[in-house]
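**Q** As input, take work_4.cif (mmCIF, C-alpha atoms):
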data_structure
#
loop_
_atom_site.label_atom_id
_atom_site.label_comp_id
_atom_site.auth_asym_id
_atom_site.auth_seq_id
_atom_site.Cartn_x
_atom_site.Cartn_y
_atom_site.Cartn_z
CA THR A 8 -31.53 -21.58 39.02
CA SER A 9 -30.44 -24.14 36.43
CA ILE A 10 -32.97 -22.78 33.93
CA ALA A 11 -31.81 -19.22 34.56
CA GLY A 12 -28.22 -20.36 34.15
CA MET A 13 -28.99 -22.10 30.87
CA MET A 14 -30.80 -19.03 29.60
CA TYR A 15 -27.83 -16.86 30.56
CA ILE A 16 -25.45 -19.18 28.72
CA MET A 17 -27.71 -19.16 25.67
CA VAL A 18 -27.91 -15.37 25.66
CA VAL A 19 -24.15 -14.95 26.06
CA GLY A 20 -23.46 -17.66 23.50
CA GLY A 21 -25.86 -16.06 21.05
CA ALA A 22 -24.20 -12.67 21.54
CA VAL A 23 -20.77 -14.18 20.91
CA VAL A 24 -21.95 -15.93 17.75
CA ALA A 25 -23.71 -12.78 16.54
CA SER A 26 -20.56 -10.72 17.18
CA ALA A 27 -18.46 -13.24 15.26
CA VAL A 28 -20.88 -13.16 12.33
CA VAL A 29 -20.84 -9.34 12.25
CA PHE A 30 -17.03 -9.33 12.45
CA LEU A 31 -16.72 -11.79 9.58
CA TRP A 32 -19.25 -9.87 7.51
CA ILE A 33 -17.57 -6.49 8.02
CA PHE A 34 -14.07 -7.80 7.39
CA ARG A 35 -14.87 -10.15 4.54
CA ARG A 36 -13.04 -9.81 1.25
CA ARG A 37 -15.16 -7.70 -1.12
CA ALA A 38 -13.61 -8.50 -4.49
CA PRO A 39 -13.27 -12.11 -5.71
CA ARG A 40 -9.72 -13.33 -6.10
CA LEU A 41 -8.32 -12.94 -9.57
CA THR A 42 -6.83 -16.01 -11.21
CA ASP A 43 -3.90 -16.03 -13.61
CA LEU A 44 -6.19 -17.31 -16.35
CA GLN A 45 -8.56 -14.40 -15.82
CA LEU A 46 -5.70 -11.91 -15.74
CA HIS A 47 -4.36 -12.96 -19.12
CA LYS A 48 -7.74 -12.46 -20.74
CA TYR A 49 -7.23 -8.72 -20.31
CA PRO A 50 -5.70 -7.06 -23.40
CA GLY A 51 -1.96 -6.53 -23.50
CA VAL A 52 -1.00 -8.43 -20.33
CA PRO A 53 2.58 -9.78 -20.84
CA ASP A 54 3.25 -13.49 -20.42
CA ASP A 55 5.73 -12.82 -17.61
CA VAL A 56 3.21 -10.95 -15.46
CA HIS A 57 1.11 -13.02 -13.08
CA VAL A 58 -1.30 -12.62 -10.18
CA VAL A 59 -0.43 -14.33 -6.89
CA SER A 60 -2.19 -14.70 -3.57
CA LYS A 61 1.07 -14.11 -1.68
CA VAL A 62 4.46 -12.72 -2.62
CA PRO A 63 7.20 -15.36 -2.05
CA ASN A 64 9.43 -14.54 0.92
CA ASP A 65 12.66 -14.24 -1.08
CA ALA A 66 11.01 -11.90 -3.57
CA ARG A 67 9.39 -10.03 -0.69
CA ASP A 68 12.81 -9.14 0.72
CA ALA A 69 14.22 -8.16 -2.68
CA ILE A 70 11.28 -5.87 -3.46
CA LYS A 71 11.42 -4.24 -0.03
CA SER A 72 15.07 -3.43 -0.64
CA ALA A 73 14.03 -1.49 -3.76
CA PHE A 74 12.29 1.06 -1.55
CA LEU A 75 15.37 1.82 0.55
CA ALA A 76 16.44 4.41 -2.02
CA GLY A 77 13.07 6.19 -1.96
CA SER A 78 13.20 9.74 -0.62
CA ASP A 79 9.83 9.38 1.15
CA PHE A 80 10.91 6.68 3.62
CA ARG A 81 14.29 8.37 3.98
CA TRP A 82 12.50 11.58 4.91
CA MET A 83 10.48 9.72 7.52
CA THR A 84 13.69 8.37 9.03
CA ILE A 85 16.18 11.23 8.77
CA GLY A 86 14.18 14.34 7.88
CA GLY A 87 15.63 16.95 5.56
CA ASP A 88 14.67 16.39 1.94
CA GLY A 89 15.25 12.64 2.16
CA ASN A 90 18.01 12.85 -0.45
CA LEU A 91 21.01 12.46 1.81
CA PRO A 92 23.99 10.20 0.97
CA GLU A 93 23.56 6.44 1.03
CA LEU A 94 22.68 5.03 4.42
CA ASP A 95 24.52 1.98 5.69
CA GLU A 96 21.54 -0.21 6.56
CA GLU A 97 23.77 -2.72 8.37
CA GLY A 98 26.61 -0.70 9.85
CA SER A 99 24.89 2.31 11.41
CA GLN A 100 22.03 2.82 13.84
CA LEU A 101 20.34 5.34 11.53
CA GLY A 102 20.68 3.03 8.53
CA ALA A 103 19.27 0.08 10.46
CA MET A 104 16.35 2.23 11.61
CA HIS A 105 15.66 3.28 8.02
CA LYS A 106 15.67 -0.36 6.91
CA ARG A 107 13.22 -1.36 9.68
CA LEU A 108 10.86 1.48 8.85
CA THR A 109 10.93 0.79 5.12
CA ARG A 110 10.38 -2.94 5.51
CA TYR A 111 7.49 -2.33 7.91
CA MET A 112 5.73 0.12 5.56
CA ILE A 113 6.02 -2.18 2.55
CA GLU A 114 4.97 -5.24 4.56
CA CYS A 115 1.80 -3.37 5.57
CA VAL A 116 0.66 -2.64 2.03
CA MET A 117 1.66 -6.09 0.77
CA CYS A 118 -0.44 -7.73 3.49
CA VAL A 119 -3.43 -5.50 2.72
CA ALA A 120 -3.23 -6.31 -1.00
CA GLU A 121 -2.87 -10.02 -0.28
CA ARG A 122 -5.94 -10.00 1.96
CA TYR A 123 -8.21 -7.53 0.18
CA GLY A 124 -6.73 -6.75 -3.23
CA HIS A 125 -4.52 -8.24 -5.91
CA VAL A 126 -0.76 -8.71 -6.17
CA LEU A 127 0.68 -8.61 -9.67
CA THR A 128 4.20 -9.97 -10.12
CA CYS A 129 6.72 -10.06 -12.93
CA VAL A 130 9.11 -13.01 -13.23
CA ASP A 131 12.41 -13.49 -15.01
CA GLU A 132 13.37 -16.34 -17.34
CA GLU A 133 14.11 -18.57 -14.36
CA GLY A 134 10.70 -17.94 -12.83
CA SER A 135 12.00 -15.77 -9.98
CA THR A 136 9.85 -12.81 -8.95
CA ILE A 137 11.61 -9.56 -9.83
CA GLY A 138 8.83 -7.05 -9.34
CA ALA A 139 5.44 -6.67 -7.68
CA LEU A 140 2.53 -4.27 -7.81
CA CYS A 141 -0.12 -4.21 -5.10
CA ILE A 142 -3.51 -2.88 -6.11
CA ILE A 143 -6.82 -2.49 -4.29
CA PRO A 144 -10.10 -2.80 -6.25
CA PRO A 145 -12.86 -0.19 -5.81
CA TYR A 146 -14.20 0.09 -2.27
CA PRO A 147 -17.72 1.22 -1.33
CA SER A 148 -16.27 3.82 1.07
CA GLN A 149 -12.97 5.20 2.31
CA TRP A 150 -13.76 4.42 5.95
CA LEU A 151 -14.28 0.73 5.14
CA PHE A 152 -10.90 0.56 3.41
CA ASN A 153 -9.28 2.24 6.43
CA LEU A 154 -10.99 -0.30 8.71
CA HIS A 155 -9.74 -3.21 6.61
CA PHE A 156 -6.27 -1.68 6.51
CA MET A 157 -6.14 -1.42 10.31
CA ARG A 158 -7.49 -4.94 10.74
CA THR A 159 -4.67 -6.23 8.51
CA VAL A 160 -1.74 -4.34 10.05
CA ILE A 161 -2.64 -4.74 13.75
CA PRO A 162 -1.23 -8.32 13.81
CA LEU A 163 2.09 -6.89 12.59
CA GLY A 164 2.52 -5.28 16.01
CA VAL A 165 3.29 -1.74 17.10
CA PRO A 166 4.23 0.34 14.05
CA GLU A 167 8.00 0.61 13.78
CA PRO A 168 8.01 4.45 13.66
CA ARG A 169 6.35 4.53 17.10
CA SER A 170 9.55 3.16 18.63
CA MET A 171 11.95 5.46 16.79
CA GLY A 172 11.49 8.70 18.69
CA ASN A 173 9.18 11.69 18.53
CA GLU A 174 10.61 13.20 15.35
CA VAL A 175 10.29 10.02 13.29
CA ASN A 176 6.83 9.37 14.67
CA ALA A 177 5.75 12.94 13.84
CA ARG A 178 6.89 12.49 10.23
CA PHE A 179 5.16 9.09 10.08
CA GLU A 180 1.90 10.66 11.31
CA ALA A 181 2.28 13.49 8.78
CA PHE A 182 2.71 10.94 6.00
CA LEU A 183 -0.44 9.04 7.00
CA ALA A 184 -2.54 12.17 7.50
CA GLY A 185 -1.33 13.84 4.31
CA THR A 186 -1.88 10.86 2.03
CA GLU A 187 -5.30 10.10 3.52
CA SER A 188 -6.35 13.74 3.08
CA GLY A 189 -5.07 13.76 -0.50
CA HIS A 190 -6.93 10.55 -1.26
CA LYS A 191 -10.21 11.93 0.06
CA SER A 192 -9.91 15.32 -1.60
CA VAL A 193 -9.05 13.96 -5.05
CA MET A 194 -11.22 10.84 -5.24
CA GLY A 195 -14.05 11.48 -2.77
CA GLU A 196 -16.31 8.43 -2.95
CA SER A 197 -15.69 7.91 -6.67
CA PRO A 198 -15.12 4.22 -7.51
CA HIS A 199 -11.46 3.70 -8.35
CA TRP A 200 -8.52 1.32 -8.21
CA TYR A 201 -5.71 2.13 -5.79
CA VAL A 202 -2.08 1.22 -6.51
CA VAL A 203 -0.62 1.04 -3.01
CA ASN A 204 2.89 0.18 -4.12
CA LEU A 205 5.06 -0.89 -7.03
CA GLY A 206 8.55 -2.24 -6.46
CA VAL A 207 11.21 -3.81 -8.66
CA ALA A 208 14.17 -5.78 -7.30
CA PRO A 209 17.36 -3.67 -7.62
CA ARG A 210 19.01 -6.15 -10.00
CA SER A 211 16.09 -5.85 -12.43
CA GLN A 212 15.57 -2.10 -12.43
CA GLY A 213 15.86 -0.31 -15.76
CA LYS A 214 14.46 -3.29 -17.68
CA LYS A 215 10.87 -2.01 -18.04
CA VAL A 216 9.58 -4.37 -15.34
CA GLY A 217 7.74 -1.56 -13.58
CA MET A 218 6.12 -0.42 -16.83
CA LYS A 219 4.84 -3.94 -17.52
CA LEU A 220 3.24 -4.04 -14.08
CA ILE A 221 1.61 -0.60 -14.18
CA LYS A 222 0.24 -1.21 -17.70
CA THR A 223 -1.24 -4.49 -16.48
CA ALA A 224 -2.89 -2.58 -13.63
CA ILE A 225 -4.30 -0.12 -16.16
CA ALA A 226 -5.76 -2.99 -18.19
CA LEU A 227 -7.24 -4.47 -15.02
CA ALA A 228 -8.93 -1.20 -14.06
CA GLY A 229 -10.70 -0.91 -17.41
CA ASP A 230 -12.82 2.24 -17.59
CA LEU A 231 -12.40 3.11 -13.91
CA PRO A 232 -9.77 5.60 -12.75
CA ILE A 233 -6.59 4.59 -10.94
CA TYR A 234 -5.15 6.46 -7.98
CA LEU A 235 -1.68 6.42 -6.41
CA GLU A 236 0.75 8.52 -4.41
CA CYS A 237 4.47 8.96 -5.04
CA HIS A 238 7.50 11.14 -4.31
CA ASP A 239 8.91 13.53 -6.90
CA GLY A 240 11.44 11.00 -8.16
CA ASN A 241 8.71 8.70 -9.51
CA VAL A 242 6.45 11.27 -11.16
CA ALA A 243 8.08 11.03 -14.61
CA PHE A 244 7.74 7.23 -14.63
CA TYR A 245 4.00 7.34 -13.99
CA GLN A 246 3.52 10.18 -16.47
CA LYS A 247 4.99 7.89 -19.16
CA ALA A 248 2.20 5.43 -18.31
CA GLY A 249 -0.44 8.13 -18.77
CA PHE A 250 -0.90 9.35 -15.21
CA GLU A 251 -1.27 13.01 -14.29
CA VAL A 252 -0.45 14.86 -11.08
CA ALA A 253 -3.84 15.60 -9.53
CA ARG A 254 -2.54 17.34 -6.44
CA HIS A 255 0.73 18.32 -4.82
CA LEU A 256 0.89 17.54 -1.10
CA THR A 257 3.07 19.09 1.56
CA LEU A 258 3.61 16.61 4.38
CA THR A 259 4.04 18.65 7.55
CA PRO A 260 4.92 17.12 10.94
CA LYS A 261 2.98 18.61 13.85
CA ALA A 262 5.98 18.55 16.19
CA ARG A 263 8.53 20.72 14.40
CA GLY A 264 11.49 22.69 15.66
CA SER A 265 14.61 20.68 14.96
CA PRO A 266 16.51 20.65 11.63
CA GLY A 267 15.18 17.18 10.87
CA ASP A 268 11.54 18.16 11.15
CA THR A 269 11.00 19.64 7.70
CA THR A 270 8.08 19.47 5.32
CA PHE A 271 8.19 17.06 2.40
CA PRO A 272 6.64 17.35 -1.09
CA TYR A 273 4.47 14.44 -2.20
CA ASN A 274 2.18 13.80 -5.15
CA VAL A 275 -1.25 12.39 -5.84
CA MET A 276 -1.49 10.97 -9.36
CA THR A 277 -4.47 9.63 -11.27
CA LYS A 278 -5.34 8.12 -14.61
CA GLY A 279 -8.85 8.06 -16.00
CA HIS A 280 -12.00 10.13 -15.59
CA ILE A 281 -13.06 10.74 -11.99
CA ILE A 282 -16.78 11.06 -11.26
CA LYS A 283 -17.31 12.26 -7.70
CA LYS A 284 -20.51 11.26 -5.97
#
Any chance you could give the structure as structure tokens?
**A**
Amino acid sequence: TSIAGMMYIMVVGGAVVASAVVFLWIFRRRAPRLTDLQLHKYPGVPDDVHVVSKVPNDARDAIKSAFLAGSDFRWMTIGGDGNLPELDEEGSQLGAMHKRLTRYMIECVMCVAERYGHVLTCVDEEGSTIGALCIIPPYPSQWLFNLHFMRTVIPLGVPEPRSMGNEVNARFEAFLAGTESGHKSVMGESPHWYVVNLGVAPRSQGKKVGMKLIKTAIALAGDLPIYLECHDGNVAFYQKAGFEVARHLTLTPKARGSPGDTTFPYNVMTKGHIIKK
């Protein structure tokens, strides 16, 4: 009996160890971390742009606030065309909901970039972070990126839109499904870099901070194409950096019927030559 028990423990223990090894292998970081010294060896990278392993908390909050004006997250919260008057993020229930949703979405992509990609930041003369760009290096497959994305965001808890009612959740699901479909249809399995977000603190907008960051991302990508998604309000900015609209998306909630459940235009933009496998 003792021998059988020992064998059982060994088998179970071996299975646990094997499972842990497989887990660590699947969810390991693919690309080596980029150092600041390596970054500044790329041509044209400004002195005030750096690579960090984690965005500082104060800068994190400031950059998240930059996305409150975006029509895409507003659409997810309130429907319509997303371009309604300013929401009071502190004084109204709808405004507070919009702030929670926006902060959750940006926290997700920041965490993914910190774990599996690179975070480029721009600092002011005092050394404070005033802008950040999160970029994911080429992945061997879309499904692996999706797996790594889920592994990263699960610890953040139940997605905020899930607790905001059926209409908000339907628009959230439409956003995820539409952008994933656009990504697959445009890029296929072609190796590419993926800009998952770019934000500039409100006080520093209009000072070419965003352009410094996106041009650094372009330098980092080298000869490989870059992919991103954006709402109509940001198309002109990316076009100035050499991007082109590769596809127009129409984000359509499955559960429609009320005035708030409208479709929303979105854009897939790319720079560089795409070679589909």
**Q** Please evaluate the PyMOL selection byres ((chain A and resi 149) around 9) against the displayed coordinates and give the resulting residues as a list of chain:residue names.
**A**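 When the PyMOL selection byres ((chain A and resi 149) around 9) is applied to the shown file, the picked residues are A:Tyr146, A:Pro147, A:Ser148, A:Trp150, A:Leu151, A:Phe152, A:Asn153, A:Leu154, A:His190, A:Lys191, A:Gly195, A:Glu196.
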**Q** Okay, now the selection with C-alpha atoms, as a compact mmCIF listing (two decimals), keeping the file's coordinate frame?
**A**
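The resulting file, out01.txt, is reproduced below:
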# COMPACT_ATOMS: atom_id res chain seq x y z
CA TYR A 146 -14.20 0.09 -2.27
CA PRO A 147 -17.72 1.22 -1.33
CA SER A 148 -16.27 3.82 1.07
CA TRP A 150 -13.76 4.42 5.95
CA LEU A 151 -14.28 0.73 5.14
CA PHE A 152 -10.90 0.56 3.41
CA ASN A 153 -9.28 2.24 6.43
CA LEU A 154 -10.99 -0.30 8.71
CA HIS A 190 -6.93 10.55 -1.26
CA LYS A 191 -10.21 11.93 0.06
CA GLY A 195 -14.05 11.48 -2.77
CA GLU A 196 -16.31 8.43 -2.95
**Q** I'd like to know which of A:Leu205, A:Cys141, A:Val126, A:Met83 is closest to A:Thr269, using only C-alpha atoms.
**A**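 For A:Thr269, the nearest of the given residues is A:Met83.
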**Q** So how many Å separate atom CA of A:Leu41 and atom CA of A:His57, to one decimal?
**A** 10.1 Å
**Q** For this file, the PyMOL selection byres ((chain A and resi 132-136) around 12) selects which residues, as a ChimeraX atom specification?
**A** /A:54-59,61-70,126-131,137-140,206-211,216
**Q** Which residue is closest to A:Leu220? Choose from A:Gly20, A:Tyr245, A:Lys278, A:Arg169 and count all atoms listed in the file.
**A**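 Between A:Gly20, A:Tyr245, A:Lys278, A:Arg169, the residue approaching A:Leu220 most closely is A:Tyr245.
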**Q** Given all atoms listed in the file as the basis, pick out the residue of A:Met117, A:Ala243, A:Leu46, A:Cys237 nearest to A:Gly77.
**A**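 The shortest atom-to-atom distance to A:Gly77 comes from A:Cys237.
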**Q** Could you work out how far atom CA of A:Ala248 lies from atom CA of A:Arg110, giving the answer in Å with one decimal?
**A** 26.5 Å
**Q** Could you tell me which residues the PyMOL selection byres ((chain A and resi 34-38) around 8) returns for this structure, as a list in words?
**A**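 When the PyMOL selection byres ((chain A and resi 34-38) around 8) is applied to the shown file, the picked residues are Phe30, Leu31, Trp32, Ile33, Pro39, Arg40, Arg122, Tyr123, Gly124, Pro144, Tyr146, His155 and Arg158 of chain A.
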**Q** Env of stretch 105-109 of chain A: 7 Å cut, atoms = only C-alpha atoms, seq-sep filter 4 positions within chain, self excluded. Answer as a compact mmCIF listing (two decimals) with C-alpha atoms, keeping the file's coordinate frame.
**A**
# COMPACT_ATOMS: atom_id res chain seq x y z
CA PHE A 74 12.29 1.06 -1.55
CA LEU A 75 15.37 1.82 0.55
CA PHE A 80 10.91 6.68 3.62
CA ARG A 81 14.29 8.37 3.98
CA THR A 84 13.69 8.37 9.03
CA GLU A 96 21.54 -0.21 6.56
CA LEU A 101 20.34 5.34 11.53
CA ILE A 113 6.02 -2.18 2.55
CA GLU A 167 8.00 0.61 13.78
CA PRO A 168 8.01 4.45 13.66
**Q** Give the answer as one residue: which of A:Val165, A:Val242, A:Val119, A:Ala228 has the shortest atom-to-atom distance to A:Val203, using all atoms listed in the file?
**A**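 That would be A:Val119, the residue with the smallest distance to A:Val203.
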**Q** Once 8 Å is added on each side, what centre and edge lengths in Å to one decimal does the axis-aligned box around all listed atoms of stretch 130-146 of chain A have, as JSON?
**A**
{"center_x": 0.0, "center_y": -9.2, "center_z": -9.8, "size_x": 44.3, "size_y": 34.7, "size_z": 31.1}
**Q** If I take atom CA of A:Met194 and atom CA of A:Gly87, how far is one from the other in Å, to one decimal?
**A**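 Computed distance, atom CA of A:Met194 to atom CA of A:Gly87, equals 29.6 Å.
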